[in-house]
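input25.txt follows (compact mmCIF, C-alpha atoms):
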```txt
# COMPACT_ATOMS: atom_id res chain seq x y z
CA MET I 630 -37.12 -41.76 34.09
CA ILE I 631 -40.65 -41.79 35.38
CA LEU I 632 -43.14 -44.46 36.31
CA ALA I 633 -46.39 -44.23 34.39
CA ARG I 634 -49.52 -46.17 33.54
CA VAL I 635 -50.68 -46.56 29.94
CA VAL I 636 -54.15 -45.05 29.65
CA GLY I 637 -54.71 -44.77 25.90
CA THR I 638 -53.40 -44.58 22.39
CA VAL I 639 -52.84 -41.80 19.89
CA VAL I 640 -53.37 -42.15 16.15
CA ALA I 641 -51.85 -39.58 13.81
CA THR I 642 -51.94 -39.74 10.02
CA ARG I 643 -50.15 -36.50 9.17
CA LYS I 644 -46.83 -36.63 10.97
CA ASP I 645 -43.11 -36.49 10.53
CA PRO I 646 -42.13 -39.36 8.18
CA ARG I 647 -39.61 -40.55 10.74
CA LEU I 648 -42.46 -41.31 13.12
CA GLU I 649 -44.15 -43.69 10.71
CA GLY I 650 -44.75 -47.13 12.17
CA LYS I 651 -44.20 -45.97 15.73
CA LYS I 652 -46.87 -46.73 18.32
CA LEU I 653 -47.90 -43.69 20.34
CA LEU I 654 -49.41 -44.17 23.79
CA ILE I 655 -50.89 -41.80 26.36
CA LEU I 656 -49.24 -42.16 29.76
CA LYS I 657 -50.44 -41.02 33.15
CA PRO I 658 -47.44 -40.51 35.44
CA ILE I 659 -47.80 -42.35 38.77
CA SER I 660 -45.86 -42.30 42.01
CA PRO I 661 -43.99 -45.49 43.07
CA ASP I 662 -46.87 -46.31 45.45
CA GLY I 663 -49.34 -46.22 42.59
CA LYS I 664 -51.03 -42.86 43.04
CA ASP I 665 -51.77 -40.74 39.98
CA GLU I 666 -49.70 -37.63 39.44
CA ASN I 667 -50.50 -34.51 37.46
CA GLY I 668 -50.65 -34.37 33.70
CA TYR I 669 -50.43 -36.75 30.79
CA VAL I 670 -47.61 -37.58 28.37
CA VAL I 671 -47.64 -38.92 24.83
CA SER I 672 -44.83 -41.42 24.44
CA VAL I 673 -43.37 -43.64 21.71
CA ASP I 674 -43.64 -47.30 22.61
CA THR I 675 -40.52 -49.41 21.99
CA VAL I 676 -41.41 -52.45 24.12
CA SER I 677 -44.99 -53.26 22.99
CA ALA I 678 -46.71 -52.11 26.15
CA GLY I 679 -50.48 -52.31 26.46
CA VAL I 680 -53.24 -50.30 28.08
CA ARG I 681 -53.24 -50.38 31.94
CA GLU I 682 -49.64 -51.62 32.11
CA ARG I 683 -47.13 -49.88 34.34
CA VAL I 684 -44.13 -48.73 32.34
CA ILE I 685 -40.90 -46.74 32.61
CA ALA I 686 -40.60 -43.75 30.29
CA VAL I 687 -37.54 -41.65 29.55
CA SER I 688 -37.73 -38.04 28.44
CA GLY I 689 -35.44 -35.61 26.70
CA SER I 690 -32.64 -36.51 24.34
CA SER I 691 -32.19 -39.90 26.03
CA ALA I 692 -35.48 -40.94 24.44
CA ARG I 693 -33.72 -40.94 21.07
CA MET I 694 -31.45 -43.72 22.28
CA ALA I 695 -34.42 -46.05 22.56
CA GLU I 696 -34.85 -48.86 20.05
CA GLY I 697 -35.54 -47.45 16.58
CA CYS I 698 -35.72 -43.83 17.74
CA LYS I 699 -32.28 -42.73 16.57
CA ASP I 700 -32.43 -39.35 14.80
CA THR I 701 -36.22 -39.13 15.13
CA PRO I 702 -38.18 -36.21 16.58
CA VAL I 703 -39.00 -38.05 19.81
CA ASP I 704 -38.61 -36.69 23.34
CA ASN I 705 -40.44 -39.34 25.32
CA ALA I 706 -40.13 -43.11 24.94
CA ILE I 707 -41.30 -46.17 26.87
CA ILE I 708 -38.26 -48.36 27.51
CA GLY I 709 -39.51 -50.95 30.01
CA ILE I 710 -42.58 -52.71 31.37
CA VAL I 711 -42.55 -52.74 35.17
CA ASP I 712 -42.87 -56.10 36.94
CA GLU I 713 -42.46 -54.88 40.46
CA VAL I 714 -41.65 -51.76 42.45
CA SER I 715 -40.25 -52.33 45.91
CA LEU I 716 -40.15 -49.50 48.43
CA ASP I 717 -37.88 -50.01 51.43
CA MET N 1153 -26.45 -32.85 39.56
CA TYR N 1154 -29.04 -33.34 42.25
CA PHE N 1155 -29.13 -34.73 45.73
CA GLY N 1156 -31.40 -37.59 46.80
CA ARG N 1157 -32.06 -40.71 48.81
CA VAL N 1158 -32.64 -44.22 47.48
CA VAL N 1159 -36.05 -45.39 48.70
CA GLY N 1160 -36.69 -48.48 46.57
CA SER N 1161 -36.05 -50.31 43.36
CA VAL N 1162 -37.85 -51.34 40.18
CA TRP N 1163 -37.81 -54.60 38.23
CA CYS N 1164 -38.57 -54.92 34.54
CA THR N 1165 -38.41 -58.06 32.43
CA VAL N 1166 -39.40 -56.52 29.12
CA LYS N 1167 -37.01 -53.63 28.46
CA HIS N 1168 -34.60 -52.06 26.03
CA PRO N 1169 -31.71 -54.50 25.35
CA HIS N 1170 -29.12 -52.00 26.59
CA MET N 1171 -30.92 -51.85 29.94
CA THR N 1172 -30.23 -55.53 30.63
CA GLY N 1173 -28.29 -55.95 33.85
CA LYS N 1174 -28.73 -52.32 34.88
CA ARG N 1175 -30.25 -51.61 38.27
CA MET N 1176 -33.07 -49.14 38.56
CA LEU N 1177 -33.69 -47.30 41.81
CA VAL N 1178 -36.55 -45.22 43.17
CA VAL N 1179 -34.97 -41.94 44.30
CA GLN N 1180 -36.51 -39.24 46.47
CA PRO N 1181 -34.94 -35.82 45.74
CA LEU N 1182 -33.76 -34.02 48.91
CA THR N 1183 -32.81 -30.52 49.96
CA PRO N 1184 -29.32 -30.11 51.45
CA GLU N 1185 -31.07 -30.16 54.85
CA LEU N 1186 -32.26 -33.71 53.96
CA ALA N 1187 -35.94 -32.75 53.67
CA ASN N 1188 -37.94 -34.38 50.87
CA THR N 1189 -38.54 -32.15 47.89
CA GLY N 1190 -40.29 -32.95 44.63
CA LYS N 1191 -41.58 -36.19 43.17
CA GLN N 1192 -39.90 -39.55 43.49
CA LEU N 1193 -38.32 -40.74 40.25
CA ILE N 1194 -36.61 -43.76 38.73
CA CYS N 1195 -32.86 -43.59 38.23
CA GLY N 1196 -30.38 -45.97 36.65
CA ASP N 1197 -27.42 -46.87 38.84
CA CYS N 1198 -23.68 -47.13 38.17
CA THR N 1199 -22.53 -47.08 41.81
CA GLY N 1200 -24.23 -50.01 43.50
CA ALA N 1201 -26.16 -47.73 45.86
CA GLY N 1202 -28.60 -49.45 48.19
CA ALA N 1203 -31.77 -48.66 50.09
CA GLY N 1204 -31.63 -45.59 52.31
CA GLU N 1205 -28.34 -44.30 50.97
CA LEU N 1206 -27.75 -40.65 50.17
CA VAL N 1207 -26.73 -40.27 46.55
CA TYR N 1208 -26.34 -37.71 43.84
CA TRP N 1209 -27.79 -38.16 40.41
CA VAL N 1210 -27.60 -36.50 37.02
CA ARG N 1211 -30.35 -35.69 34.60
CA GLY N 1212 -30.28 -35.49 30.82
CA LYS N 1213 -28.27 -37.16 28.12
CA GLU N 1214 -25.26 -37.25 30.46
CA ALA N 1215 -27.10 -39.91 32.45
CA SER N 1216 -26.10 -42.56 29.92
CA PHE N 1217 -22.40 -41.59 29.88
CA PRO N 1218 -21.37 -43.79 32.84
CA PHE N 1219 -22.36 -46.81 30.75
CA ALA N 1220 -20.32 -45.83 27.67
CA PRO N 1221 -19.72 -47.11 25.05
CA GLU N 1222 -23.19 -48.58 25.48
CA GLU N 1223 -25.97 -46.05 25.11
CA PRO N 1224 -28.83 -47.15 27.35
CA PRO N 1225 -31.88 -44.87 27.08
CA MET N 1226 -31.61 -43.38 30.56
CA ASP N 1227 -32.31 -39.78 31.49
CA THR N 1228 -31.53 -40.01 35.21
CA THR N 1229 -28.64 -41.97 36.75
CA VAL N 1230 -27.21 -42.23 40.24
CA VAL N 1231 -23.52 -41.36 39.81
CA GLY N 1232 -22.25 -41.08 43.38
CA ILE N 1233 -22.84 -42.15 46.97
CA VAL N 1234 -22.67 -39.24 49.42
CA ASP N 1235 -20.42 -39.61 52.46
CA GLU N 1236 -20.96 -36.26 54.11
CA VAL N 1237 -22.85 -33.05 53.51
CA HIS N 1238 -21.75 -29.72 54.94
CA VAL N 1239 -24.25 -26.90 54.60
CA LYS N 1240 -23.61 -23.36 55.69
CA ARG N 1241 -26.77 -22.04 57.28
CA PRO N 1242 -28.29 -19.07 55.47
CA ALA N 1243 -27.87 -15.63 57.00
CA PRO N 1244 -30.73 -14.63 59.32
CA ASN N 1245 -33.68 -13.23 57.43
CA HIS N 1246 -33.82 -9.61 58.51
CA ARG N 1247 -37.38 -9.06 57.36
CA ARG N 1248 -38.63 -11.99 59.40
CA ALA N 1249 -36.58 -10.83 62.39
CA GLN N 1250 -38.13 -7.38 62.14
CA ARG N 1251 -41.64 -8.83 61.95
CA LYS N 1252 -41.07 -10.74 65.17
CA LYS N 1253 -40.23 -7.47 66.94
```

In structure tokens, what does this structure look like?
Amino acid sequence: MILARVVGTVVATRKDPRLEGKKLLILKPISPDGKDENGYVVSVDTVSAGVRERVIAVSGSSARMAEGCKDTPVDNAIIGIVDEVSLD
Amino acid sequence: MYFGRVVGSVWCTVKHPHMTGKRMLVVQPLTPELANTGKQLICGDCTGAGAGELVYWVRGKEASFPFAPEEPPMDTTVVGIVDEVHVKRPAPNHRRAQRKK
């Protein structure tokens, strides 16, 4: 699972029918202390996250276990909105 | 399975229903010599590991198996707390030894 910040949305009309009704967001991975990391990820939102929120995203086949993603062609899903990160 | 150290934790209120009651830890991957390697990541926890502890964690679909029959959407989970690590030192690098001469 990675920490990421929501930086945008993706709209797609032509897509796999199993992706219909799913919200797609662009994520920027961040480190636990809030610094940006390389790259961007497109992720399916299952928790109604919004732009600029910090979220937790899962990748790989575990993403299909997220709410409503069973048997869908999804390999990245947002499964939580972060309240707080504490570093010891 | 990978080797790491717990360096923090994460709280979420809004999350997948199967994640309720599951701890999430910030883990720093380590080399066997205990040097940091790679990016910090968020892991689920089935062991009760705490801050600063050496742990090992799994990646992939297997990460949700400790919580069976529930299927929380986790792709990294801490599955063990490390007591001891024994590492055999690598053989001396001959090329480097020759360069020093």

Counting all atoms listed in the file, which residues of chain I sit at most 6 Å from some atom of chain N, and what is each one's closest atom pair with its distance in Å to one decimal, listed by chain and rising residue number, as CSV?
```
residue,atom,partner,partner_atom,distance
I:Met630,CA,N:Ile1194,CA,5.1
I:Ile631,CA,N:Leu1193,CA,5.5
I:Val687,CA,N:Asp1227,CA,5.9
I:Ser690,CA,N:Lys1213,CA,5.8
I:Ser691,CA,N:Pro1225,CA,5.1
I:Ala692,CA,N:Pro1225,CA,5.9
I:Met694,CA,N:Pro1225,CA,5.0
I:Ala695,CA,N:Pro1225,CA,5.3
I:Ile708,CA,N:His1168,CA,5.4
I:Gly709,CA,N:Lys1167,CA,4.0
I:Ile710,CA,N:Val1166,CA,5.4
I:Val711,CA,N:Cys1164,CA,4.6
I:Asp712,CA,N:Cys1164,CA,5.1
I:Glu713,CA,N:Trp1163,CA,5.2
I:Val714,CA,N:Val1162,CA,4.4
I:Ser715,CA,N:Gly1160,CA,5.3
I:Leu716,CA,N:Gly1160,CA,4.1
I:Asp717,CA,N:Gly1160,CA,5.2
```

Problem - Shortest interatomic distance to Asn1188 of chain N - which of N:Arg1157, N:Glu1222, N:Thr1172, N:Val1207, counting all atoms listed in the file - result: N:Arg1157

Handout entry: Length of the atom CA of Ile1233 of chain N to atom CA of Ala1201 of chain N vector [Å]
Key =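 Value for the atom CA of Ile1233 of chain N-atom CA of Ala1201 of chain N distance: 6.6 Å.
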
Counting all atoms listed in the file, what are the residues of segment 641-675 of chain I within 10 Å of segment 698-702 of chain I, and for each of them which pair of atoms is the nearest and at what distance in Å, to one decimal? Sort the table by chain and rising number, as JSON lines.
```
{"residue": "I:Asp645", "atom": "CA", "partner": "I:Pro702", "partner_atom": "CA", "distance": 7.8}
{"residue": "I:Pro646", "atom": "CA", "partner": "I:Thr701", "partner_atom": "CA", "distance": 9.1}
{"residue": "I:Arg647", "atom": "CA", "partner": "I:Thr701", "partner_atom": "CA", "distance": 5.7}
{"residue": "I:Leu648", "atom": "CA", "partner": "I:Thr701", "partner_atom": "CA", "distance": 6.9}
{"residue": "I:Lys651", "atom": "CA", "partner": "I:Cys698", "partner_atom": "CA", "distance": 9.0}
{"residue": "I:Val673", "atom": "CA", "partner": "I:Cys698", "partner_atom": "CA", "distance": 8.6}
{"residue": "I:Asp674", "atom": "CA", "partner": "I:Cys698", "partner_atom": "CA", "distance": 9.9}
{"residue": "I:Thr675", "atom": "CA", "partner": "I:Cys698", "partner_atom": "CA", "distance": 8.5}
```

Problem - Top pick for closest residue to Ala686 of chain I, considering I:Pro658, I:Gly637, I:Gly668, I:Gly663 and counting only C-alpha atoms - result: I:Pro658

Handout entry: Gap from atom CA of Lys657 of chain I to atom CA of Val680 of chain I - Å, one decimal
Key = 10.9 Å

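Atom CA of Ala1220 of chain N is positioned 29.2 Å from atom CA of Gly1190 of chain N.
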
Any chance you could model N, CA and C atoms for segment 679-693 of chain I and send them as an mmCIF file, keeping the file's coordinate frame?
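As written to disk, result_24.cif reads:
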```cif
data_model
loop_
_atom_site.group_PDB
_atom_site.id
_atom_site.type_symbol
_atom_site.label_atom_id
_atom_site.label_comp_id
_atom_site.auth_asym_id
_atom_site.auth_seq_id
_atom_site.Cartn_x
_atom_site.Cartn_y
_atom_site.Cartn_z
ATOM 1 N N GLY I 679 -49.050 -52.357 26.712
ATOM 2 C CA GLY I 679 -50.480 -52.310 26.460
ATOM 3 C C GLY I 679 -51.177 -51.415 27.460
ATOM 4 N N VAL I 680 -52.469 -51.169 27.200
ATOM 5 C CA VAL I 680 -53.240 -50.300 28.080
ATOM 6 C C VAL I 680 -53.292 -50.909 29.488
ATOM 7 N N ARG I 681 -53.205 -50.062 30.505
ATOM 8 C CA ARG I 681 -53.240 -50.380 31.940
ATOM 9 C C ARG I 681 -51.922 -50.947 32.462
ATOM 10 N N GLU I 682 -50.910 -51.120 31.592
ATOM 11 C CA GLU I 682 -49.640 -51.620 32.110
ATOM 12 C C GLU I 682 -48.826 -50.483 32.725
ATOM 13 N N ARG I 683 -48.056 -50.851 33.749
ATOM 14 C CA ARG I 683 -47.130 -49.880 34.340
ATOM 15 C C ARG I 683 -45.830 -49.923 33.545
ATOM 16 N N VAL I 684 -45.316 -48.768 33.194
ATOM 17 C CA VAL I 684 -44.130 -48.730 32.340
ATOM 18 C C VAL I 684 -43.131 -47.714 32.884
ATOM 19 N N ILE I 685 -41.918 -47.764 32.331
ATOM 20 C CA ILE I 685 -40.900 -46.740 32.610
ATOM 21 C C ILE I 685 -40.705 -45.950 31.335
ATOM 22 N N ALA I 686 -40.755 -44.617 31.456
ATOM 23 C CA ALA I 686 -40.600 -43.750 30.290
ATOM 24 C C ALA I 686 -39.416 -42.818 30.517
ATOM 25 N N VAL I 687 -38.619 -42.626 29.475
ATOM 26 C CA VAL I 687 -37.540 -41.650 29.550
ATOM 27 C C VAL I 687 -37.925 -40.420 28.753
ATOM 28 N N SER I 688 -37.413 -39.271 29.166
ATOM 29 C CA SER I 688 -37.730 -38.040 28.440
ATOM 30 C C SER I 688 -36.441 -37.356 28.015
ATOM 31 N N GLY I 689 -36.596 -36.370 27.170
ATOM 32 C CA GLY I 689 -35.440 -35.610 26.700
ATOM 33 C C GLY I 689 -34.661 -36.355 25.636
ATOM 34 N N SER I 690 -33.423 -35.944 25.451
ATOM 35 C CA SER I 690 -32.640 -36.510 24.340
ATOM 36 C C SER I 690 -32.352 -37.991 24.550
ATOM 37 N N SER I 691 -32.415 -38.474 25.791
ATOM 38 C CA SER I 691 -32.190 -39.900 26.030
ATOM 39 C C SER I 691 -33.241 -40.757 25.335
ATOM 40 N N ALA I 692 -34.411 -40.179 25.090
ATOM 41 C CA ALA I 692 -35.480 -40.940 24.440
ATOM 42 C C ALA I 692 -35.054 -41.372 23.031
ATOM 43 N N ARG I 693 -34.161 -40.585 22.420
ATOM 44 C CA ARG I 693 -33.720 -40.940 21.070
ATOM 45 C C ARG I 693 -32.781 -42.131 21.056
#
```
